[in-house]
Amino acid sequence: MSAAREDKPKRNIKRNRIPIEDAKAQARALRIRNQIEWRVAHRNGELMPDMPMSPDRTYANNGWKGWADFCGEYYSRTKDWMSFAEAREWAQNSSITTTAEWHAVSRARKLPENMPANPRKTYMHSGWESWGHFLGISMQQWTLEDCMDVAINFETRNAWKLSGGGSYEAARKNNWLDACCAHMRVTRGKWTLETCAADALGYATRSDWQRGNGAAYNAARKSKWLDRCCAHMGGRSREDRYLSFEEARAWTRNSDLRTSAAFREAGKAGELPEGMPSRPDSVYKGRGWSGWVDFTGG
């Protein structure tokens with residue numbers, strides 16, 4: 001007699017709370033043209049909270065009919081892109097001179113309809129050499145500010161190196177990498193005083209920092225950098241140091257900052273008002289924070 005088959009435990013699958021019609025409306029409101037642009041918008045925090053990264057999988061059995069149906073009139077297939085020569089000619093005749101400017105124009109949906117948002121990926125095997133070649137600029141034209149503008153779009157150095165065009169190489173040759181990568185995740189054992197200090201600026205107290213990024217905090221503690229990294233914290237409470245959540249949200253909604261990336265760029269450029277934390281998602285957690293879309297009004 002065979003042994004009784006054991007019942008497998010049921011998997012607790014979290015169902016997506018966003019109906020497909022709402023997801024479609026979001027895609028069309030942002031004029032998203034294809035899967036690549038949807039994923040870029042998701043990564044940049046431009047979509048509503050809980051919006052799926054892969055709607056084709058999430059809604060596979062719940063109304064999915066393809067990206068053309070999902071994006072509606074704004075859908076554009078890869079095979080409809082202009083040729084590399086045409087794209088390069090358009091880019092060099094435009095006023096765009098850095099990859100940061102290119103990404104900004106792309107996010108603003110101001111590229112031609114048949115121009116890919118990520119030309120490096122689209123033309124990788126059909127003429128692509130580098131961003132400098134595509135935009136008609138030389139590496140010597142990269143400034144520290146240009147490199148930082150590009151780097152802010154990436155979470156790791158490797159991701160920047162792979163997709164940041166000539167900006168990464170320019171930063172490396174000019175010894176700007178630490179400055180440009182201060183906001184990035186750092187692998188264990190790679191924290192420096194500069195990166196720890198930059199990370200600490202996003203927190204009001206040592207306990208906040210320890211809870212928010214234990215790796216950076218512990219690296220600073222073990223290297224005896226805590227006093228230097230936490231000098232800005234003083235003895236003030238979180239409430240004394242920062243604007244209230246309502247004040248911070250009101251200011252952000254009245255600004256032109258509509259994504260988390262744009263907010264962080266403004267923080268690095270020193271364009272945030274006094275009392276505005278560079279890490280509002282950490283500072284206002286439990287005090288009204290419900291996501292970047294709500295905070296920016298995007």
# chains A, B, ... in the order shown; residues from 1 in each chain; ligands from 1
$ residues_around --residues "A:Cys147" --least-positions-apart "2" --cutoff "9 Å" --atoms "only C-alpha atoms" --output "PyMOL selection string"
chain A and resi 98-100+142-145+149-152+164+166-168+170-171+176-177+180
$ closest_residue --among "A:Leu47, A:Leu201, A:Val283, A:Met233" --to "A:Ala248" --atoms "only C-alpha atoms"
A:Val283
